[in-house]
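This is data.txt (compact mmCIF, C-alpha atoms and all ligand atoms).
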```
# COMPACT_ATOMS: atom_id res chain seq x y z
CA MET A 1 130.20 115.66 71.59
CA ARG A 2 128.59 118.41 69.60
CA ALA A 3 125.04 119.46 68.85
CA MET A 4 123.80 119.62 65.30
CA ASN A 5 121.61 122.35 63.83
CA VAL A 6 118.12 121.29 62.83
CA THR A 7 117.16 124.88 62.00
CA ASP A 8 118.79 128.20 62.96
CA ASN A 9 117.46 128.05 66.53
CA ILE A 10 116.91 124.34 67.14
CA TRP A 11 119.67 121.82 67.70
CA TRP A 12 119.71 118.02 67.91
CA VAL A 13 121.36 117.18 71.24
CA GLY A 14 120.49 113.49 71.56
CA ALA A 15 122.51 110.31 71.89
CA ILE A 16 123.39 107.50 69.49
CA ASP A 17 123.07 103.96 70.89
CA TRP A 18 125.15 102.05 68.36
CA ASN A 19 125.19 98.84 70.40
CA LEU A 20 121.53 98.37 71.29
CA ARG A 21 120.16 95.14 69.83
CA ASP A 22 117.12 94.48 72.03
CA PHE A 23 114.57 97.21 72.72
CA HIS A 24 112.30 95.51 75.26
CA GLY A 25 112.09 92.46 73.03
CA PHE A 26 111.92 94.43 69.77
CA GLU A 27 115.13 93.31 68.04
CA VAL A 28 116.96 96.34 66.63
CA PRO A 29 119.94 95.03 64.67
CA GLU A 30 120.88 98.54 63.60
CA GLY A 31 120.77 100.18 67.05
CA THR A 32 118.83 103.36 67.74
CA THR A 33 119.12 106.98 68.77
CA TYR A 34 117.46 108.89 71.61
CA ASN A 35 116.73 112.26 70.03
CA CYS A 36 116.40 115.44 72.08
CA TYR A 37 116.12 118.98 70.80
CA LEU A 38 117.25 122.31 72.17
CA VAL A 39 115.05 125.28 71.22
CA LYS A 40 116.66 128.68 71.81
CA GLY A 41 114.75 131.93 72.20
CA GLU A 42 115.90 135.38 73.29
CA SER A 43 114.85 134.88 76.90
CA GLY A 44 114.78 131.13 77.35
CA VAL A 45 116.05 127.77 76.14
CA ALA A 46 113.98 124.59 76.17
CA LEU A 47 115.21 121.02 76.09
CA VAL A 48 112.59 118.81 74.47
CA ASP A 49 112.93 115.28 75.89
CA THR A 50 115.83 113.62 77.64
CA VAL A 51 117.50 110.23 77.11
CA LYS A 52 117.93 106.75 78.56
CA ALA A 53 119.84 107.20 81.82
CA PRO A 54 123.32 105.95 80.73
CA PHE A 55 123.36 108.52 77.93
CA VAL A 56 122.81 111.62 80.09
CA PRO A 57 126.51 112.67 79.96
CA GLU A 58 126.33 112.60 76.15
CA LEU A 59 123.16 114.72 76.20
CA LEU A 60 124.62 117.25 78.62
CA ALA A 61 127.83 117.55 76.59
CA ARG A 62 125.87 118.25 73.42
CA ILE A 63 123.74 120.90 75.20
CA GLN A 64 126.89 122.56 76.48
CA SER A 65 128.24 122.84 72.95
CA VAL A 66 125.36 125.32 72.38
CA VAL A 67 124.66 127.00 75.75
CA PRO A 68 125.79 126.65 79.38
CA LEU A 69 123.45 124.33 81.28
CA ASP A 70 122.22 127.15 83.53
CA GLN A 71 120.72 128.90 80.50
CA VAL A 72 118.23 126.04 79.96
CA THR A 73 114.93 127.34 81.33
CA HIS A 74 112.51 124.54 80.38
CA ILE A 75 112.52 120.78 79.98
CA VAL A 76 109.63 119.20 78.05
CA VAL A 77 108.79 115.55 78.73
CA ASN A 78 106.82 114.36 75.69
CA HIS A 79 106.74 110.74 76.85
CA VAL A 80 107.58 108.92 80.06
CA GLU A 81 108.91 105.62 78.68
CA PRO A 82 112.41 105.15 80.14
CA ASP A 83 114.26 105.57 76.83
CA HIS A 84 113.22 109.24 76.97
CA ASN A 85 112.45 109.84 80.62
CA GLY A 86 114.88 107.47 82.36
CA GLY A 87 117.58 110.13 82.54
CA LEU A 88 115.22 112.92 83.65
CA PRO A 89 116.27 113.00 87.35
CA GLN A 90 119.95 113.28 86.38
CA VAL A 91 119.17 116.03 83.87
CA MET A 92 117.05 117.90 86.42
CA ALA A 93 119.91 117.63 88.91
CA ALA A 94 122.30 119.10 86.32
CA ILE A 95 119.83 121.88 85.38
CA PRO A 96 118.10 122.62 88.70
CA GLY A 97 116.58 125.93 87.59
CA ALA A 98 114.57 124.56 84.69
CA ARG A 99 110.77 124.37 84.71
CA VAL A 100 109.83 120.80 83.75
CA VAL A 101 106.54 120.13 81.95
CA ALA A 102 104.59 117.17 80.56
CA SER A 103 101.00 116.28 79.70
CA PRO A 104 98.81 115.72 82.80
CA SER A 105 99.20 111.97 82.29
CA GLY A 106 102.93 112.50 81.85
CA VAL A 107 103.12 114.34 85.19
CA ARG A 108 101.54 111.31 86.89
CA GLY A 109 103.82 108.95 85.01
CA VAL A 110 106.99 110.81 85.99
CA ALA A 111 105.89 110.82 89.65
CA GLU A 112 105.10 107.10 89.56
CA TYR A 113 108.26 106.13 87.73
CA HIS A 114 110.63 108.39 89.65
CA ASN A 115 109.39 107.95 93.21
CA GLY A 116 107.29 111.10 93.52
CA LEU A 117 109.34 113.40 91.29
CA ALA A 118 107.10 116.46 90.76
CA ILE A 119 106.83 118.35 87.48
CA GLU A 120 104.17 120.65 85.95
CA ALA A 121 101.35 119.87 83.56
CA VAL A 122 100.78 121.62 80.23
CA LYS A 123 97.58 121.32 78.22
CA GLY A 124 96.80 121.60 74.53
CA ASP A 125 96.16 125.35 74.62
CA ASP A 126 99.22 126.27 76.69
CA VAL A 127 102.15 128.09 75.10
CA ILE A 128 105.67 128.47 76.48
CA ASP A 129 107.28 131.73 75.37
CA LEU A 130 111.07 131.56 75.06
CA GLY A 131 111.33 135.06 73.61
CA GLY A 132 110.75 135.08 69.87
CA ARG A 133 110.42 131.31 69.90
CA THR A 134 107.40 129.55 71.37
CA LEU A 135 106.38 125.98 72.11
CA GLU A 136 102.87 124.61 71.58
CA PHE A 137 101.63 121.24 72.77
CA LEU A 138 99.35 118.58 71.36
CA PRO A 139 98.43 115.66 73.64
CA GLN A 140 98.40 112.42 71.63
CA PRO A 141 97.19 109.71 74.01
CA MET A 142 98.02 106.15 72.90
CA VAL A 143 100.55 107.22 70.31
CA HIS A 144 101.75 105.20 71.89
CA TRP A 145 101.31 105.65 75.68
CA PRO A 146 98.57 107.60 77.53
CA ASP A 147 101.08 110.37 78.30
CA SER A 148 102.35 110.87 74.73
CA MET A 149 102.50 114.48 73.55
CA PHE A 150 103.76 116.36 70.48
CA THR A 151 105.62 119.67 70.85
CA TYR A 152 105.69 122.26 68.06
CA CYS A 153 107.77 125.40 67.51
CA PRO A 154 105.84 127.58 65.02
CA GLU A 155 108.61 130.11 64.40
CA GLU A 156 111.01 127.35 63.32
CA ARG A 157 108.21 125.23 61.77
CA VAL A 158 109.50 122.14 63.56
CA LEU A 159 107.32 119.39 65.06
CA MET A 160 108.82 117.18 67.77
CA PRO A 161 106.38 114.23 68.03
CA ASN A 162 108.51 111.91 70.14
CA ASP A 163 108.06 108.24 69.13
CA ALA A 164 105.63 108.94 66.29
CA PHE A 165 107.30 108.87 62.86
CA GLY A 166 110.49 107.45 64.44
CA GLN A 167 112.70 104.55 63.45
CA HIS A 168 115.23 102.41 65.32
CA VAL A 169 118.43 103.07 63.45
CA ALA A 170 121.76 104.36 64.72
CA SER A 171 123.51 106.60 62.23
CA GLU A 172 125.56 109.75 61.95
CA GLU A 173 123.02 110.97 59.41
CA ARG A 174 120.33 113.05 61.05
CA PHE A 175 117.91 113.50 58.13
CA ALA A 176 116.05 110.93 56.05
CA ASP A 177 117.42 112.36 52.81
CA GLU A 178 120.96 111.81 54.14
CA LEU A 179 120.30 108.23 55.22
CA GLY A 180 118.41 107.62 51.97
CA LEU A 181 114.66 108.05 51.79
CA ASP A 182 113.97 104.41 50.87
CA GLU A 183 116.02 103.11 53.79
CA ALA A 184 114.41 105.63 56.16
CA LEU A 185 110.93 104.53 55.04
CA ARG A 186 111.92 100.87 55.50
CA GLN A 187 113.04 101.67 59.04
CA LEU A 188 109.80 103.63 59.57
CA GLY A 189 107.87 100.49 58.59
CA ILE A 190 109.86 98.24 60.91
CA TYR A 191 109.10 100.63 63.77
CA TYR A 192 105.41 100.89 62.86
CA ALA A 193 105.00 97.12 62.58
CA ASN A 194 106.58 96.43 65.94
CA ILE A 195 105.23 99.32 68.03
CA LEU A 196 102.23 100.96 66.38
CA LEU A 197 100.49 98.10 64.56
CA PRO A 198 97.74 97.65 67.18
CA LEU A 199 97.24 101.43 67.43
CA GLY A 200 96.33 102.29 63.84
CA THR A 201 93.16 104.16 64.79
CA ALA A 202 94.92 106.37 67.35
CA VAL A 203 97.77 106.97 64.91
CA GLY A 204 95.31 108.03 62.20
CA LYS A 205 93.65 110.45 64.61
CA ALA A 206 97.06 111.81 65.60
CA ILE A 207 97.84 112.64 61.97
CA ASP A 208 94.39 114.26 61.58
CA LYS A 209 95.00 116.40 64.67
CA VAL A 210 98.34 117.61 63.31
CA LEU A 211 96.84 118.43 59.91
CA GLU A 212 93.84 120.19 61.53
CA LYS A 213 96.26 122.45 63.37
CA GLY A 214 97.44 123.72 60.00
CA TRP A 215 101.00 123.74 61.29
CA ALA A 216 103.69 124.42 58.71
CA LEU A 217 106.13 121.53 58.92
CA ASP A 218 109.58 122.23 57.57
CA VAL A 219 111.02 119.52 59.81
CA VAL A 220 109.39 116.64 61.69
CA ALA A 221 111.85 115.56 64.34
CA PRO A 222 110.99 112.27 66.10
CA SER A 223 112.72 110.84 69.14
CA HIS A 224 114.35 107.90 67.31
CA GLY A 225 116.27 107.72 64.08
CA VAL A 226 116.35 110.38 61.42
CA MET A 227 114.29 113.56 60.93
CA TRP A 228 112.03 114.25 57.97
CA ARG A 229 112.37 117.55 56.13
CA GLY A 230 110.69 119.13 53.16
CA ALA A 231 108.44 116.88 51.12
CA ASP A 232 109.70 113.70 52.81
CA PHE A 233 107.12 113.93 55.59
CA GLY A 234 104.40 113.54 52.96
CA HIS A 235 105.76 110.06 52.27
CA VAL A 236 105.61 109.29 55.99
CA VAL A 237 101.94 110.33 56.18
CA GLU A 238 101.13 108.32 53.07
CA HIS A 239 102.77 105.20 54.54
CA TYR A 240 101.16 105.62 57.97
CA ARG A 241 97.75 106.11 56.35
CA ARG A 242 98.13 102.95 54.27
CA TRP A 243 99.34 100.86 57.21
CA GLY A 244 96.55 102.22 59.39
CA SER A 245 93.90 101.49 56.75
CA GLY A 246 94.57 97.76 56.88
CA GLU A 247 95.11 97.67 53.11
CA LEU A 248 97.02 94.45 52.38
CA ALA A 249 98.82 93.05 49.35
CA ASP A 250 98.80 89.61 47.73
CA LYS A 251 101.78 88.60 49.80
CA ALA A 252 102.47 85.69 52.16
CA VAL A 253 105.15 85.40 54.82
CA VAL A 254 106.27 81.83 55.41
CA VAL A 255 107.70 81.60 58.91
CA TYR A 256 109.08 78.41 60.41
CA SER A 257 111.34 76.72 62.89
CA THR A 258 112.97 73.41 62.14
CA MET A 259 114.64 70.52 64.04
CA TRP A 260 116.32 68.37 61.39
CA GLY A 261 115.44 70.22 58.21
CA SER A 262 112.11 68.58 57.30
CA THR A 263 109.96 71.61 58.12
CA GLU A 264 112.54 73.83 56.44
CA ALA A 265 112.33 71.78 53.24
CA LEU A 266 108.55 72.09 53.36
CA ALA A 267 108.76 75.84 53.96
CA GLN A 268 110.84 76.35 50.85
CA ARG A 269 108.51 74.29 48.67
CA VAL A 270 105.40 75.96 50.12
CA GLY A 271 107.05 79.28 49.28
CA GLU A 272 107.66 78.13 45.72
CA GLY A 273 104.03 77.09 45.42
CA LEU A 274 102.79 80.43 46.71
CA SER A 275 105.05 82.26 44.30
CA ALA A 276 103.96 80.06 41.38
CA GLY A 277 100.39 80.87 42.38
CA GLY A 278 101.02 84.58 41.89
CA VAL A 279 101.59 85.68 45.48
CA GLU A 280 104.67 87.60 46.63
CA VAL A 281 106.56 85.51 49.18
CA ALA A 282 109.10 85.97 51.95
CA VAL A 283 110.43 82.86 53.74
CA HIS A 284 112.01 83.23 57.19
CA ASP A 285 113.57 80.83 59.68
CA LEU A 286 112.81 82.10 63.19
CA ALA A 287 116.32 81.07 64.24
CA VAL A 288 117.86 83.39 61.66
CA THR A 289 115.75 86.51 61.00
CA PRO A 290 114.92 89.00 63.79
CA LEU A 291 111.26 88.80 64.81
CA SER A 292 110.98 92.54 64.22
CA HIS A 293 111.96 92.13 60.57
CA ILE A 294 109.61 89.18 60.06
CA THR A 295 106.82 91.33 61.51
CA TYR A 296 107.72 94.12 59.10
CA GLU A 297 107.32 91.63 56.23
CA LEU A 298 103.85 90.87 57.62
CA LEU A 299 102.84 94.54 57.77
CA GLU A 300 101.38 94.63 54.25
CA ALA A 301 100.94 90.86 53.74
CA LYS A 302 97.57 89.15 53.48
CA ALA A 303 98.83 85.88 54.92
CA LEU A 304 101.06 84.24 57.49
CA VAL A 305 102.00 80.62 56.76
CA LEU A 306 103.47 79.06 59.86
CA GLY A 307 105.49 75.87 60.15
CA SER A 308 106.78 73.82 63.05
CA PRO A 309 107.69 70.22 63.70
CA THR A 310 106.04 68.62 66.70
CA LEU A 311 108.25 68.30 69.78
CA HIS A 312 106.85 66.96 73.05
CA HIS A 313 103.34 67.05 71.48
CA GLY A 314 103.55 70.77 70.71
CA MET A 315 105.18 73.48 68.59
CA LEU A 316 108.82 74.51 68.89
CA TYR A 317 109.53 77.26 71.40
CA ARG A 318 110.57 79.81 68.76
CA VAL A 319 107.19 79.42 67.04
CA ALA A 320 105.41 79.75 70.38
CA GLY A 321 107.52 82.83 71.17
CA TYR A 322 106.69 84.43 67.85
CA LEU A 323 102.98 83.80 68.31
CA GLN A 324 103.18 85.41 71.75
CA TYR A 325 105.03 88.38 70.20
CA LEU A 326 102.35 88.70 67.53
CA SER A 327 99.44 88.36 69.92
CA GLY A 328 100.25 91.78 71.40
CA LEU A 329 100.59 93.39 67.97
CA LYS A 330 97.25 91.92 66.81
CA PRO A 331 97.79 91.59 63.05
CA ALA A 332 94.19 90.40 62.71
CA GLY A 333 92.27 89.93 59.48
CA ARG A 334 95.00 88.02 57.71
CA ALA A 335 94.77 84.57 56.22
CA ALA A 336 96.86 81.78 57.72
CA GLY A 337 98.06 78.30 56.95
CA VAL A 338 99.80 75.73 59.13
CA PHE A 339 102.34 73.08 58.12
CA GLY A 340 105.06 70.95 59.62
CA SER A 341 106.57 67.54 60.25
CA TYR A 342 106.18 65.03 63.05
CA GLY A 343 107.65 61.74 64.21
CA TRP A 344 105.30 59.52 66.17
CA SER A 345 102.76 62.03 67.43
CA LYS A 346 101.27 65.27 66.14
CA GLY A 347 100.30 68.36 68.15
CA ALA A 348 102.20 71.43 66.85
CA GLU A 349 99.59 72.08 64.17
CA LYS A 350 96.74 72.24 66.68
CA GLU A 351 98.59 74.70 68.91
CA MET A 352 99.58 76.92 65.98
CA ARG A 353 96.07 76.93 64.56
CA GLU A 354 94.51 77.84 67.91
CA ARG A 355 96.96 80.66 68.54
CA LEU A 356 96.57 82.08 65.02
CA GLU A 357 92.78 82.07 65.37
CA ALA A 358 93.04 83.72 68.78
CA ILE A 359 95.07 86.51 67.17
CA GLY A 360 92.22 87.03 64.69
CA MET A 361 93.61 85.25 61.63
CA GLU A 362 91.58 82.85 59.53
CA VAL A 363 93.19 79.49 58.75
CA VAL A 364 92.15 79.08 55.13
CA ALA A 365 93.49 75.62 54.25
CA ASP A 366 93.77 72.20 55.81
CA ASP A 367 96.99 71.73 57.75
CA PHE A 368 99.84 70.25 55.70
CA LEU A 369 101.77 67.63 57.68
CA VAL A 370 104.50 65.16 56.79
CA LYS A 371 105.82 62.23 58.85
CA PHE A 372 109.56 62.32 59.52
CA ARG A 373 111.31 63.34 56.31
CA PRO A 374 109.42 64.59 53.24
CA THR A 375 109.67 62.38 50.19
CA ALA A 376 109.86 63.79 46.67
CA ASP A 377 106.11 63.33 46.43
CA ASP A 378 105.61 65.14 49.74
CA LEU A 379 107.61 68.10 48.43
CA LEU A 380 105.49 68.23 45.30
CA ALA A 381 102.41 68.11 47.51
CA ALA A 382 103.81 70.98 49.63
CA GLU A 383 104.22 73.04 46.49
CA ALA A 384 100.65 72.22 45.44
CA TRP A 385 99.44 73.19 48.92
CA GLY A 386 101.23 76.52 48.48
CA ARG A 387 99.48 77.09 45.14
CA GLU A 388 96.14 76.26 46.77
CA LEU A 389 96.89 78.79 49.52
CA ALA A 390 97.79 81.39 46.89
CA GLU A 391 94.33 81.09 45.36
CA ALA A 392 92.70 81.59 48.76
CA ILE A 393 94.93 84.59 49.45
CA LYS A 394 94.25 86.26 46.12
CA ALA A 395 90.51 85.72 46.60
CA ARG A 396 90.49 87.81 49.80
FE1 LIG A 401 110.84 105.65 72.49
FE2 LIG A 401 107.79 104.83 73.78
O1 LIG A 401 109.62 105.15 73.80
```
Output the structure of this file as structure tokens.
Amino acid sequence: MRAMNVTDNIWWVGAIDWNLRDFHGFEVPEGTTYNCYLVKGESGVALVDTVKAPFVPELLARIQSVVPLDQVTHIVVNHVEPDHNGGLPQVMAAIPGARVVASPSGVRGVAEYHNGLAIEAVKGDDVIDLGGRTLEFLPQPMVHWPDSMFTYCPEERVLMPNDAFGQHVASEERFADELGLDEALRQLGIYYANILLPLGTAVGKAIDKVLEKGWALDVVAPSHGVMWRGADFGHVVEHYRRWGSGELADKAVVVYSTMWGSTEALAQRVGEGLSAGGVEVAVHDLAVTPLSHITYELLEAKALVLGSPTLHHGMLYRVAGYLQYLSGLKPAGRAAGVFGSYGWSKGAEKEMRERLEAIGMEVVADDFLVKFRPTADDLLAAEAWGRELAEAIKAR
């Protein structure tokens, strides 16, 4: 296990989690990485962030490919969520001489999470001098936890912002230009949609704070996925700004669950109607597509069109689960429509409508329901309903 140079005096020493598929309910079909960075000065060496506990041996091996562990003088905890802080006690045990720092909120979080483990607080105007290389700190509360902090090394022009600007993708490539900029930006969007969507204001302020600092940014090195170097970070800022602004496109995401194929048949014809009406469409079966990827489709879409048959007087559990998932992410301000099939009693449509409105969406059309199996006329009507929805979506 070897480290990889980020710049002449900073190394990536993180871990690659190829097999992770579920990140606290955020489905990550392409795994993730837990990125840590080693910053080497003439009189000190700092480790910025640690890893999820099972990956500590990998982290320590990568550090030791650069310096012996006893040469590490500082450990910076940018964020106390367990994917970065879970392995901290093991790392501290392996490097007992290191001074360990976090934001004041991070100090409390580490103590609460690790049964009283004591570390030191750093504030925004503190500097750690490693001898020719220094570390500066920028607290960034709610990007995305109260403890979140960015660390910057001015001499290497590298920003280490932890979760911000990250992506859940496991790869041997360490830079966005190696993975492919388009793919890196797609992964950035999936991450934003599933973690940062309700925090757009705080994220916007975080970017402002970085720009106000006037820091030169040769490399932006987040704690997940690939790093951004050169002009690529400009694309990241542009995307974050757009997502944070709430600017939406004439796009609808048709999301459904089906029992015997009736709601699925409706979903496809509603999608055709939306498309014929001039709206970009994505159609997803909740049993097939990861919720995280459906939510990414919704990131820039003006509308969510949700379908479920009625079972036991209510919606199917996958639809209920997705609405619960969305309720935390709060994609408010979008249009919505509700459709589905039923046998002898209705009920799913009422539940879906109520949950969508509670999230802050506006149901802009009458519900479209079909008894048992859609006839040819029903399918034509579903298409017409889709076209009607398209007009409402484009008018927003
Ligand atoms: Fe990557 Fe908020 O943890």
(message) To check your reading of the model: which residues sit at most 10 Å from ligand LIG 401 (chain A) when counting all atoms listed in the file? Write the answer as a PyMOL selection string.
(response) chain A and resi 23+32-35+51-52+78-85+142-145+147-148+162-164+166-168+195+222-224
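Each of A:Val237, A:Ala206, A:Ala221, A:Ile16 was checked against Glu58 in chain A using all atoms listed in the file; the smallest atom-to-atom distance is that of A:Ile16.
For the set A:Gly225, A:Lys371, A:Thr50, A:Leu274, the residue with the smallest atom-to-atom gap to Glu388 in chain A is A:Leu274, counting only C-alpha atoms.
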(request) Return the single residue from A:Arg355, A:Lys330, A:Arg133, A:Lys205 that is closest to Tyr240 in chain A, with distances computed using all atoms listed in the file. (result) A:Lys205
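Minimum atom-to-atom distance to Asp8 in chain A, evaluated using only C-alpha atoms, belongs to A:Lys40 out of A:Leu389, A:Lys40, A:Ala376, A:Arg241.
We find CA of Val122 in chain A and CA of Val158 in chain A to be spaced 18.8 Å apart.
Going from CA of Ile75 in chain A to CA of Val100 in chain A covers 4.6 Å.
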(request) Would you list the contacts of Leu304 in chain A as a list in words, taking every protein, DNA or RNA residue within 8 Å and counting all atoms listed in the file, but skipping same-chain residues closer than 5 positions in sequence? (result) Ala252, Val253, Val254, Val255, Leu298, Arg334, Ala335, Ala336 and Gly337 of chain A
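You can rank A:Glu391, A:Asp208, A:Glu172, A:Glu178 by their closest distance to Gln140 in chain A using all atoms listed in the file, and at the top of that list sits A:Asp208.
Closest approach to His239 in chain A from the set A:Val219, A:Leu185, A:Met259, A:Leu130 is made by A:Leu185, with distances taken over all atoms listed in the file.
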Given 4 Å on each side, where is the centre and what are the edge lengths in Å to one decimal of the axis-aligned box enclosing the listed atoms of range 189-197 of chain A, as AutoDock Vina command-line options?
```
--center_x 105.2 --center_y 98.7 --center_z 63.3 --size_x 17.4 --size_y 12.5 --size_z 17.4
```
(message) I want to know what sits within 9 Å of Ala98 in chain A, based on all atoms listed in the file, with residues of the same chain fewer than 3 positions away left out; could you give that as a PyMOL selection string?
(response) chain A and resi 46+70-75+92+95
Requested write-out: C-alpha atoms of the selected residues, as a compact mmCIF listing (two decimals), keeping the file's coordinate frame:
```txt
# COMPACT_ATOMS: atom_id res chain seq x y z
CA ALA A 46 113.98 124.59 76.17
CA ASP A 70 122.22 127.15 83.53
CA GLN A 71 120.72 128.90 80.50
CA VAL A 72 118.23 126.04 79.96
CA THR A 73 114.93 127.34 81.33
CA HIS A 74 112.51 124.54 80.38
CA ILE A 75 112.52 120.78 79.98
CA MET A 92 117.05 117.90 86.42
CA ILE A 95 119.83 121.88 85.38
```
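You will find CA of Ala265 in chain A at 20.5 Å from CA of Gly278 in chain A.
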(message) For Leu326 in chain A, find every residue with an atom within 8 Å (counting only C-alpha atoms), except residues of its own chain fewer than 4 positions away, and show them as JSON, numbers by chain.
(response) {"A": [295, 322, 330, 331, 359]}
Generate the output file for the selected residues, C-alpha atoms, as a CSV table (one decimal), keeping the file's coordinate frame.
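part-v1.csv, freshly written:
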```csv
chain,number,residue,atom,x,y,z
A,295,THR,CA,106.8,91.3,61.5
A,322,TYR,CA,106.7,84.4,67.8
A,330,LYS,CA,97.2,91.9,66.8
A,331,PRO,CA,97.8,91.6,63.0
A,359,ILE,CA,95.1,86.5,67.2
```
With all atoms listed in the file as the counted atoms, please give the residues lying no more than 12 Å from Asp126 in chain A, apart from itself and same-chain residues fewer than 5 positions off, as a tab-separated table (two decimals) with C-alpha atoms, keeping the file's coordinate frame.
```
chain	number	residue	atom	x	y	z
A	101	VAL	CA	106.54	120.13	81.95
A	102	ALA	CA	104.59	117.17	80.56
A	103	SER	CA	101.00	116.28	79.70
A	120	GLU	CA	104.17	120.65	85.95
A	121	ALA	CA	101.35	119.87	83.56
A	134	THR	CA	107.40	129.55	71.37
A	135	LEU	CA	106.38	125.98	72.11
A	136	GLU	CA	102.87	124.61	71.58
A	137	PHE	CA	101.63	121.24	72.77
A	138	LEU	CA	99.35	118.58	71.36
A	139	PRO	CA	98.43	115.66	73.64
A	151	THR	CA	105.62	119.67	70.85
A	152	TYR	CA	105.69	122.26	68.06
```
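Every protein, DNA or RNA residue with an atom at most 7 Å from Thr258 in chain A, where all atoms listed in the file count and chain neighbours fewer than 3 positions away do not, is listed here: Gly261, Ser262, Thr263, Glu264, Ser308 and Pro309 of chain A.
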Determine, for each residue of range 275-330 of chain A having at least one atom at most 12 Å from an atom of range 199-202 of chain A, the closest pair of atoms and their separation in Å to one decimal, counting all atoms listed in the file; order by chain and ascending number, as JSON lines.
```
{"residue": "A:Leu299", "atom": "CA", "partner": "A:Gly200", "partner_atom": "CA", "distance": 11.8}
{"residue": "A:Gly328", "atom": "CA", "partner": "A:Leu199", "partner_atom": "CA", "distance": 10.9}
{"residue": "A:Leu329", "atom": "CA", "partner": "A:Leu199", "partner_atom": "CA", "distance": 8.7}
{"residue": "A:Lys330", "atom": "CA", "partner": "A:Leu199", "partner_atom": "CA", "distance": 9.5}
```
